[in-house]
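The next block holds one structure in the form of structure tokens; read it before the comments.
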Amino acid sequence: MRVRATAAVAAMLVAALTACGGGGSDSQAGGSAKAAASKPAKKKDVDCKDTSLSQAEWTKYCANAGAGTGGDGTTATTKLAFGKAAKTVGAQSPADGSQGGEMLEVSPTTVVYQAEAMGSESQNGVFAIITVKDRAPAGKAAESAPIEGGGWQWIAPDGQALDEGENEASSVTPNGFTGGGSIPAGAWAWDTAVFDLSKEQAKGGTLSYTDGAGATFQWKVPATDSGPELAQLKKGMAGNY
């Protein structure tokens, strides 16, 4: 009888505790669920490399974080098909003194290989002359310059990086494709990236651009003359554009 009485008392105590919400695992779980539900949702992670982002989204999440960085401020390298536009951050301190950092779409479109161009002869064997279409969709923007740690490079098949404009390359300025400086909002302009290369460096090279936020974009360049501006570019180098 004493054992049965003790068991009955224990059951009564458990029932009382449960009714009062005292210390049970179910009540703890319920409390945790309520606490979790009360926490504000985290801000959605934005992939700044996503070309489907609207201008408003890009400006809100990426303009000050670095295009191609996933919005966390860390640099990254994005590989694109030749002719595909890259959404980049413009120069932070453009040479013309205007405010920098606005979005700039950069598109290499056409490449020509020539040993001689516009009265200059390649010191290494061949010029790679690439037309670049720069577009500022929202605000005034400019390409990043080497002095800022940005700009254009050619990555040879063996991995060697060569800067744009070295040796005699700086003398090649095709008519109609000589851009530079800031581009007004909603406008676009042609520019040219020219490299003085050996024939081995020109075969299977990669064009690389680093923007104002330190993000890098790369395009595999065709090994032969290619692109929609081919005739105009050759005409421009002949001085008849």
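Letters A, B, ... go to the chains of the structure tokens in the order shown; residues in each chain start at 1; ligands are counted from 1 in the same order.
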Contact table range 138-165 of chain A vs range 173-181 of chain A, cut-off 12 Å, shortest pair per residue, only C-alpha atoms, as a tab-separated table:
residue	atom	partner	partner_atom	distance
A:Lys140	CA	A:Gly181	CA	10.1
A:Ala141	CA	A:Gly181	CA	8.3
A:Ala142	CA	A:Gly181	CA	5.7
A:Glu143	CA	A:Gly181	CA	7.4
A:Ser144	CA	A:Gly181	CA	9.7
A:Ala145	CA	A:Gly180	CA	10.0
A:Gly151	CA	A:Gly180	CA	11.6
A:Gly165	CA	A:Thr173	CA	10.3
Item checked: Nearby residues (only C-alpha atoms) at most 7 Å from Lys87 in chain A, same-chain spacing under 2 positions excluded, as a ChimeraX atom specification -> /A:67,85,103-106
Could the residues in this selection be saved with N, CA and C atoms as a PDB file, in the first residue's frame?
ATOM      1  N   ALA A  67      31.796  44.817 -57.186  1.00  0.00           N
ATOM      2  CA  ALA A  67      31.155  43.894 -58.114  1.00  0.00           C
ATOM      3  C   ALA A  67      31.972  42.620 -58.211  1.00  0.00           C
ATOM      4  N   ALA A  85      29.525  41.287 -71.487  1.00  0.00           N
ATOM      5  CA  ALA A  85      29.749  42.461 -70.643  1.00  0.00           C
ATOM      6  C   ALA A  85      29.938  42.066 -69.182  1.00  0.00           C
ATOM      7  N   MET A 103      28.614  52.186 -61.303  1.00  0.00           N
ATOM      8  CA  MET A 103      28.651  50.960 -62.084  1.00  0.00           C
ATOM      9  C   MET A 103      29.136  51.240 -63.504  1.00  0.00           C
ATOM     10  N   LEU A 104      29.983  50.346 -64.039  1.00  0.00           N
ATOM     11  CA  LEU A 104      30.486  50.457 -65.406  1.00  0.00           C
ATOM     12  C   LEU A 104      30.436  49.086 -66.057  1.00  0.00           C
ATOM     13  N   GLU A 105      29.724  48.977 -67.174  1.00  0.00           N
ATOM     14  CA  GLU A 105      29.692  47.730 -67.930  1.00  0.00           C
ATOM     15  C   GLU A 105      30.833  47.753 -68.946  1.00  0.00           C
ATOM     16  N   VAL A 106      31.674  46.726 -68.906  1.00  0.00           N
ATOM     17  CA  VAL A 106      32.872  46.657 -69.745  1.00  0.00           C
ATOM     18  C   VAL A 106      32.776  45.435 -70.654  1.00  0.00           C
TER      19      VAL A 106
END
Next item on the list: Rank A:Val221, A:Leu80, A:Ala91, A:Ala115 by their smallest atom-to-atom distance to Lys203 in chain A, using only C-alpha atoms, and report the top residue only.
Entry: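 Going through A:Val221, A:Leu80, A:Ala91, A:Ala115 one by one, the smallest distance to Lys203 in chain A is for A:Val221.
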Next item on the list: Please provide the set of residues having any atom within 12 Å of Ala117 in chain A, restricted to only C-alpha atoms, with same-chain residues fewer than 2 positions apart removed, written as a ChimeraX atom specification.
Entry: /A:112-115,119-123,125-129,168-175,194-196,233-239
Output of the above residues as a PDB file, in the first residue's frame, restricted to C-alpha atoms:
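New file again06.pdb:
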ATOM      1  CA  VAL A 112      43.110  42.100 -84.283  1.00  0.00           C
ATOM      2  CA  TYR A 113      46.705  40.795 -84.374  1.00  0.00           C
ATOM      3  CA  GLN A 114      49.239  42.801 -86.386  1.00  0.00           C
ATOM      4  CA  ALA A 115      53.026  43.069 -86.410  1.00  0.00           C
ATOM      5  CA  GLY A 119      53.300  53.379 -88.158  1.00  0.00           C
ATOM      6  CA  SER A 120      54.565  51.430 -85.132  1.00  0.00           C
ATOM      7  CA  GLU A 121      56.229  48.026 -85.131  1.00  0.00           C
ATOM      8  CA  SER A 122      55.811  45.544 -82.299  1.00  0.00           C
ATOM      9  CA  GLN A 123      59.012  45.053 -80.311  1.00  0.00           C
ATOM     10  CA  GLY A 125      56.476  40.315 -82.526  1.00  0.00           C
ATOM     11  CA  VAL A 126      52.769  41.165 -82.633  1.00  0.00           C
ATOM     12  CA  PHE A 127      50.238  43.677 -81.321  1.00  0.00           C
ATOM     13  CA  ALA A 128      46.993  42.379 -79.857  1.00  0.00           C
ATOM     14  CA  ILE A 129      44.531  45.235 -80.399  1.00  0.00           C
ATOM     15  CA  GLU A 168      55.187  50.284 -78.684  1.00  0.00           C
ATOM     16  CA  ALA A 169      51.589  49.373 -77.767  1.00  0.00           C
ATOM     17  CA  SER A 170      50.928  52.853 -76.388  1.00  0.00           C
ATOM     18  CA  SER A 171      51.425  54.292 -79.903  1.00  0.00           C
ATOM     19  CA  VAL A 172      48.517  52.315 -81.368  1.00  0.00           C
ATOM     20  CA  THR A 173      45.405  54.503 -81.076  1.00  0.00           C
ATOM     21  CA  PRO A 174      42.851  53.489 -83.737  1.00  0.00           C
ATOM     22  CA  ASN A 175      40.598  56.288 -84.959  1.00  0.00           C
ATOM     23  CA  VAL A 194      46.652  47.177 -76.877  1.00  0.00           C
ATOM     24  CA  PHE A 195      49.424  44.724 -75.942  1.00  0.00           C
ATOM     25  CA  ASP A 196      52.902  44.197 -77.410  1.00  0.00           C
ATOM     26  CA  LEU A 233      38.992  48.617 -86.409  1.00  0.00           C
ATOM     27  CA  LYS A 234      41.284  47.846 -89.350  1.00  0.00           C
ATOM     28  CA  LYS A 235      39.993  50.928 -91.129  1.00  0.00           C
ATOM     29  CA  GLY A 236      40.639  53.012 -88.027  1.00  0.00           C
ATOM     30  CA  MET A 237      44.239  51.833 -87.882  1.00  0.00           C
ATOM     31  CA  ALA A 238      44.648  52.822 -91.508  1.00  0.00           C
ATOM     32  CA  GLY A 239      43.616  56.358 -90.604  1.00  0.00           C
TER      33      GLY A 239
END
Check: Any idea what the distance is between CA of Gly159 in chain A and CA of Lys220 in chain A?
Finding: 13.0 Å
Note to self: Quick one: residues within 8 Å of Ala138 in chain A, only C-alpha atoms, excluding same-chain residues fewer than 6 positions away - as a PyMOL selection string?
What the structure shows: chain A and resi 55+102-103+185-186
Checklist line | Pick from A:Val111, A:Ile155, A:Ile130, A:Trp190 nearest to Phe217 in chain A, counting only C-alpha atoms | finding: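 Closest residue, counting only C-alpha atoms: A:Ile155.
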Next item on the list: DSSP on the backbone, then: every residue of range 83-227 of chain A marked strand (DSSP E), written as a VMD selection string.
Entry: chain A and resid 86 to 89 103 to 114 116 to 117 120 to 121 126 to 136 151 to 155 161 to 163 187 to 197 206 to 210 216 to 220
Note to self: Counting only C-alpha atoms, which residue out of A:Glu116, A:Glu200, A:Asp96, A:Asp211 sits closest to Gln153 in chain A?
What the structure shows: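 For Gln153 in chain A, the nearest of the candidates is A:Asp211.
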